[in-house]
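Coordinates as given in run-v2.cif (mmCIF, C-alpha atoms):
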data_start
#
loop_
_atom_site.label_atom_id
_atom_site.label_comp_id
_atom_site.auth_asym_id
_atom_site.auth_seq_id
_atom_site.Cartn_x
_atom_site.Cartn_y
_atom_site.Cartn_z
CA GLN F 1 1.97 3.66 19.57
CA LYS F 2 1.53 2.84 15.90
CA GLU F 3 -2.00 2.41 14.60
CA VAL F 4 -1.10 -1.00 13.15
CA GLU F 5 1.48 -3.37 14.60
CA GLN F 6 2.96 -6.25 12.64
CA ASP F 7 5.87 -8.48 13.49
CA PRO F 8 8.45 -7.91 10.74
CA GLY F 9 9.90 -11.42 11.03
CA PRO F 10 11.72 -12.73 9.12
CA LEU F 11 9.76 -15.95 9.06
CA SER F 12 11.20 -19.06 7.45
CA VAL F 13 9.18 -22.25 6.94
CA PRO F 14 9.56 -25.50 4.98
CA GLU F 15 7.47 -26.04 1.87
CA GLY F 16 4.01 -27.39 2.71
CA ALA F 17 3.85 -25.78 6.15
CA ILE F 18 0.93 -23.73 7.40
CA VAL F 19 1.91 -20.10 7.85
CA SER F 20 0.23 -17.72 10.28
CA LEU F 21 0.72 -13.98 9.90
CA ASN F 22 -0.80 -11.50 12.34
CA CYS F 23 -1.48 -7.84 12.93
CA THR F 24 -2.94 -5.93 15.83
CA TYR F 25 -4.47 -2.49 15.72
CA SER F 26 -5.54 0.16 18.17
CA ASN F 27 -8.23 2.15 16.37
CA SER F 28 -11.71 0.66 16.54
CA ALA F 29 -12.76 2.92 13.65
CA PHE F 30 -11.06 0.63 11.15
CA GLN F 31 -13.73 -0.95 8.99
CA TYR F 32 -11.98 -2.83 6.20
CA PHE F 33 -9.04 -5.15 6.52
CA MET F 34 -6.71 -6.18 3.73
CA TRP F 35 -3.71 -8.39 3.18
CA TYR F 36 -1.25 -7.52 0.44
CA ARG F 37 1.69 -9.52 -0.84
CA GLN F 38 4.75 -7.63 -2.00
CA TYR F 39 7.63 -9.16 -3.88
CA SER F 40 10.99 -7.43 -3.72
CA ARG F 41 11.01 -4.08 -5.53
CA LYS F 42 7.41 -4.50 -6.71
CA GLY F 43 4.15 -2.83 -5.73
CA PRO F 44 1.81 -4.51 -3.21
CA GLU F 45 -0.65 -7.01 -4.68
CA LEU F 46 -4.05 -7.48 -3.03
CA LEU F 47 -4.60 -10.94 -1.58
CA MET F 48 -7.60 -10.67 0.70
CA TYR F 49 -10.17 -8.01 1.55
CA THR F 50 -12.60 -8.40 4.45
CA TYR F 51 -15.11 -6.24 6.24
CA SER F 52 -16.62 -8.13 9.12
CA SER F 53 -15.32 -10.28 11.90
CA GLY F 54 -14.92 -13.93 11.01
CA ASN F 55 -13.12 -15.93 8.38
CA LYS F 56 -12.81 -15.50 4.63
CA GLU F 57 -11.23 -18.19 2.51
CA ASP F 58 -9.73 -17.98 -0.97
CA GLY F 59 -7.85 -21.02 -2.16
CA ARG F 60 -4.90 -21.63 0.15
CA PHE F 61 -5.43 -18.32 1.93
CA THR F 62 -7.71 -17.64 4.90
CA ALA F 63 -8.15 -14.20 6.42
CA GLN F 64 -9.46 -13.94 9.95
CA VAL F 65 -10.70 -10.80 11.67
CA ASP F 66 -11.46 -10.46 15.37
CA LYS F 67 -12.72 -6.93 15.93
CA SER F 68 -13.28 -7.45 19.64
CA SER F 69 -9.58 -8.21 20.12
CA LYS F 70 -8.43 -5.84 17.34
CA TYR F 71 -6.51 -8.68 15.78
CA ILE F 72 -6.32 -9.97 12.22
CA SER F 73 -4.59 -13.00 10.77
CA LEU F 74 -3.69 -14.49 7.43
CA PHE F 75 -3.19 -18.23 7.14
CA ILE F 76 -1.44 -19.81 4.19
CA ARG F 77 -1.93 -23.55 3.78
CA ASP F 78 0.43 -25.81 1.86
CA SER F 79 2.94 -23.00 1.52
CA GLN F 80 4.98 -22.87 -1.68
CA PRO F 81 8.36 -21.31 -2.47
CA SER F 82 6.47 -18.84 -4.68
CA ASP F 83 4.77 -17.55 -1.51
CA SER F 84 8.13 -16.11 -0.41
CA ALA F 85 7.46 -12.39 -0.16
CA THR F 86 6.62 -9.65 2.31
CA TYR F 87 3.04 -9.72 3.57
CA LEU F 88 1.47 -6.41 4.53
CA CYS F 89 -1.69 -5.98 6.51
CA ALA F 90 -3.68 -2.82 5.84
CA MET F 91 -6.71 -1.22 7.43
CA ASP F 92 -9.10 1.34 6.12
CA ARG F 93 -10.60 4.16 8.14
CA GLY F 94 -12.70 5.53 5.32
CA ASN F 95 -10.24 7.52 3.26
CA GLN F 96 -6.84 6.39 4.43
CA PHE F 97 -5.10 3.07 4.53
CA TYR F 98 -2.80 2.27 7.42
CA PHE F 99 -0.24 -0.41 6.75
CA GLY F 100 1.76 -2.65 8.99
CA THR F 101 5.50 -2.81 8.48
CA GLY F 102 5.19 -6.13 6.66
CA THR F 103 6.34 -9.65 7.56
CA SER F 104 9.06 -11.17 5.43
CA LEU F 105 8.30 -14.83 4.63
CA THR F 106 10.63 -17.37 3.07
CA VAL F 107 9.34 -20.81 2.11
CA ILE F 108 12.21 -23.26 1.78
CA PRO F 109 11.84 -26.01 -0.86
CA ASP M 1 -2.78 -4.53 -19.15
CA THR M 2 -5.56 -2.68 -17.31
CA GLY M 3 -3.77 -2.25 -13.97
CA VAL M 4 -2.25 0.82 -12.41
CA SER M 5 0.87 1.97 -14.24
CA GLN M 6 3.65 4.26 -13.06
CA ASP M 7 6.43 5.99 -14.90
CA PRO M 8 9.36 5.98 -14.58
CA ARG M 9 10.04 2.77 -12.69
CA HIS M 10 13.40 4.05 -11.49
CA LYS M 11 14.80 7.52 -11.09
CA ILE M 12 18.27 8.53 -9.96
CA THR M 13 18.81 12.21 -9.35
CA LYS M 14 21.22 14.53 -7.63
CA ARG M 15 20.32 16.38 -4.46
CA GLY M 16 18.61 19.66 -5.23
CA GLN M 17 17.08 18.57 -8.53
CA ASN M 18 13.34 18.40 -9.21
CA VAL M 19 11.68 15.15 -10.19
CA THR M 20 8.21 14.30 -11.46
CA PHE M 21 6.46 10.95 -11.42
CA ARG M 22 3.36 9.91 -13.31
CA CYS M 23 0.59 7.51 -12.37
CA ASP M 24 -2.15 6.16 -14.63
CA PRO M 25 -4.92 4.54 -12.56
CA ILE M 26 -7.32 1.79 -13.55
CA SER M 27 -9.60 3.52 -16.03
CA GLU M 28 -12.92 3.36 -14.16
CA HIS M 29 -11.39 4.28 -10.79
CA ASN M 30 -12.22 7.75 -9.51
CA ARG M 31 -9.87 7.76 -6.52
CA LEU M 32 -6.10 7.94 -6.78
CA TYR M 33 -3.64 7.71 -3.90
CA TRP M 34 0.06 8.35 -3.46
CA TYR M 35 2.17 6.54 -0.88
CA ARG M 36 5.83 6.48 0.05
CA GLN M 37 7.56 3.31 1.16
CA THR M 38 11.05 3.02 2.63
CA LEU M 39 12.98 -0.19 3.14
CA GLY M 40 11.51 -2.42 5.81
CA GLN M 41 8.41 -0.28 6.25
CA GLY M 42 4.87 -0.42 5.01
CA PRO M 43 3.57 2.23 2.61
CA GLU M 44 2.84 5.62 4.20
CA PHE M 45 -0.05 7.68 2.93
CA LEU M 46 0.83 10.97 1.23
CA THR M 47 -2.31 12.24 -0.47
CA TYR M 48 -5.38 11.21 -2.39
CA PHE M 49 -7.67 12.57 -5.09
CA GLN M 50 -11.27 11.96 -5.87
CA ASN M 51 -11.62 12.78 -9.53
CA GLU M 52 -9.57 15.99 -9.91
CA ALA M 53 -10.00 17.21 -6.33
CA GLN M 54 -7.19 16.66 -3.84
CA LEU M 55 -9.14 15.77 -0.71
CA GLU M 56 -6.50 14.92 1.84
CA LYS M 57 -2.79 15.47 2.38
CA SER M 58 -0.57 13.86 4.98
CA ARG M 59 1.72 15.95 7.13
CA LEU M 60 4.48 13.92 5.41
CA LEU M 61 3.77 15.92 2.28
CA SER M 62 6.08 18.86 2.80
CA ASP M 63 5.97 22.08 0.78
CA ARG M 64 8.49 20.56 -1.62
CA PHE M 65 5.93 17.96 -2.68
CA SER M 66 3.02 18.72 -4.97
CA ALA M 67 0.54 16.40 -6.61
CA GLU M 68 -1.97 17.06 -9.35
CA ARG M 69 -4.69 15.22 -11.15
CA PRO M 70 -5.86 17.88 -13.61
CA LYS M 71 -8.43 15.93 -15.60
CA GLY M 72 -9.36 13.33 -13.06
CA SER M 73 -7.42 10.64 -14.88
CA PHE M 74 -3.63 10.42 -14.55
CA SER M 75 -1.76 12.09 -11.72
CA THR M 76 1.70 13.56 -11.25
CA LEU M 77 3.76 13.84 -8.10
CA GLU M 78 6.55 16.42 -8.15
CA ILE M 79 9.33 16.73 -5.63
CA GLN M 80 11.27 19.98 -5.72
CA ARG M 81 14.81 20.42 -4.41
CA THR M 82 15.18 16.73 -3.66
CA GLU M 83 16.97 15.63 -0.51
CA GLN M 84 18.65 12.32 0.27
CA GLY M 85 15.84 11.56 2.69
CA ASP M 86 13.42 11.54 -0.23
CA SER M 87 14.96 8.30 -1.50
CA ALA M 88 12.13 5.77 -1.37
CA MET M 89 9.63 3.86 -3.43
CA TYR M 90 6.70 6.06 -4.45
CA LEU M 91 3.57 4.02 -4.91
CA CYS M 92 0.35 4.97 -6.61
CA ALA M 93 -2.94 3.20 -6.01
CA SER M 94 -6.46 3.63 -7.31
CA SER M 95 -9.93 2.62 -6.21
CA TYR M 96 -13.58 3.16 -7.06
CA THR M 97 -16.03 4.90 -4.76
CA SER M 98 -19.74 5.49 -5.17
CA GLY M 99 -22.60 6.20 -2.80
CA GLY M 100 -20.55 5.79 0.35
CA PHE M 101 -18.95 2.53 -0.74
CA THR M 102 -15.23 2.52 -1.52
CA ASP M 103 -13.61 -0.52 -3.05
CA THR M 104 -10.14 -1.51 -1.98
CA GLN M 105 -7.01 -0.03 -3.47
CA TYR M 106 -5.00 -1.54 -6.29
CA PHE M 107 -1.35 -0.60 -6.46
CA GLY M 108 0.99 0.17 -9.28
CA PRO M 109 4.55 -1.17 -9.50
CA GLY M 110 6.02 1.94 -7.93
CA THR M 111 8.73 4.43 -8.86
CA ARG M 112 11.99 3.90 -7.00
CA LEU M 113 13.74 7.22 -6.37
CA THR M 114 17.40 7.44 -5.44
CA VAL M 115 18.76 10.84 -4.50
CA LEU M 116 22.56 11.04 -4.59
#
Would you write the structure of this file as structure tokens?
Amino acid sequence: QKEVEQDPGPLSVPEGAIVSLNCTYSNSAFQYFMWYRQYSRKGPELLMYTYSSGNKEDGRFTAQVDKSSKYISLFIRDSQPSDSATYLCAMDRGNQFYFGTGTSLTVIP
Amino acid sequence: DTGVSQDPRHKITKRGQNVTFRCDPISEHNRLYWYRQTLGQGPEFLTYFQNEAQLEKSRLLSDRFSAERPKGSFSTLEIQRTEQGDSAMYLCASSYTSGGFTDTQYFGPGTRLTVL
């Protein structure tokens, strides 16, 4: 079993839709939870960084962490074509990051 | 631009050749990480440095791979006797740590390696 599981998609939504992206994990030692956005052939770009259970909002993005269920989510409101990318969840166990496989998202104008 | 930079951005080489990649981290960051990413997968950890000390290496880092960060600033990743299975995107990231707190990692654009 992988440490971090993420549905690879692909996910296709119309412009303006609310997008929900999810990851589950097995190791309760993970302390920090991140979401990165990666455009094709580019390096990952940090979107959200959370530590505790609960919600964190930044503009159209909301990150949600449920440590009791070992489940994290990223919500994108009013999705735009420019949001089309691969979204990677990542978790930190002190010195190492563990990434999900990424979910490919396409927002159709 | 004060982000993480990597050079070259693309490298095509023949099987058996040696290649070297360079990473320049964000200037105040004392930690530097190397990852490998293949198509359809998330980045996989290879190794990381704190200042000039290499503190951890993944089992993915075979004997053909070596990384250095001689002055605690830029880092190089060398692959000797490249194999076709080494074809991937090699990502560098940096972060700042102090007093038990480690900030998140910021990634460079990556070096895409193709081994023919």
**Request:** Would you give me, as an MDAnalysis selection string, the residues of chain M that come within 10 Å of chain F, using all atoms listed in the file?
**Result:** chainID M and resid 4 9 31 33 35 37:48 55:56 58 89:93 100:112
**Message:** Which residues are close to Glu52 in chain M, i.e. within 8 Å by all atoms listed in the file, leaving aside same-chain residues fewer than 5 positions away? Reply as number ranges by chain.
**Reply:** M: 68-73
**Spatial neighbours of Ile26 in chain M, 8 Å, only C-alpha atoms, chain gap at least 5 places, as a list in words** =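 So, after excluding close chain neighbours, the residues are Thr2, Gly3, Val4, Ser94 and Ser95 of chain M.
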**Message:** I'd like the interatomic distance between CA of Leu77 in chain M and CA of His29 in chain M, to a tenth of an Å.
**Reply:** 18.1 Å
Put the listed atoms of range 33-51 of chain M in a box along x, y and z with 5 Å added on every side and give me the centre and edge lengths in Å to one decimal, as JSON.
{"center_x": 0.7, "center_y": 5.2, "center_z": -1.6, "size_x": 34.6, "size_y": 25.2, "size_z": 25.8}
**Request:** Identify, on the basis of all atoms listed in the file, every residue whose closest approach to range 13-29 of chain F does not exceed 7 Å; exclude the query and any residue fewer than 4 positions from it along the same chain; express the result as a list in words.
**Result:**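 Residues near the query, excluding close chain neighbours: Glu3, Val4, Glu5, Gln6, Lys70, Tyr71, Ile72, Ser73, Leu74, Phe75, Ile76, Arg77, Asp78, Ser79, Gln80, Pro81, Cys89, Arg93, Thr106, Val107, Ile108 and Pro109 of chain F.
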**Asked** So which residues touch Asn30 in chain M within 7 Å, counting all atoms listed in the file, skipping near sequence neighbours fewer than 6 positions away, as an NGL selection string?
**Response** :M and (50-51 or 95-97)
**Prompt:** Could you work out how far CA of Gln6 in chain M lies from CA of Cys23 in chain M, giving the answer in Å with one decimal?
**Reply:** 4.5 Å
**Item:** Result set of the PyMOL selection byres ((chain F and resi 64) around 7) on the coordinates above, as a PyMOL selection string
**Value:** chain F and resi 54-56+62-63+65-66+72-74
**Prompt:** Exactly which residues make up the result of the PyMOL selection byres ((chain M and resi 14) around 8) on this file, given as a list in words?
**Reply:** Ile12, Thr13, Arg15, Gly16, Gln17, Thr82, Val115 and Leu116 of chain M
**Item:** One-decimal distance in Å that lies between CA of Ser27 in chain M and CA of Ile79 in chain M
**Value:**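 Computed distance, CA of Ile79 in chain M to CA of Ser27 in chain M, equals 25.3 Å.
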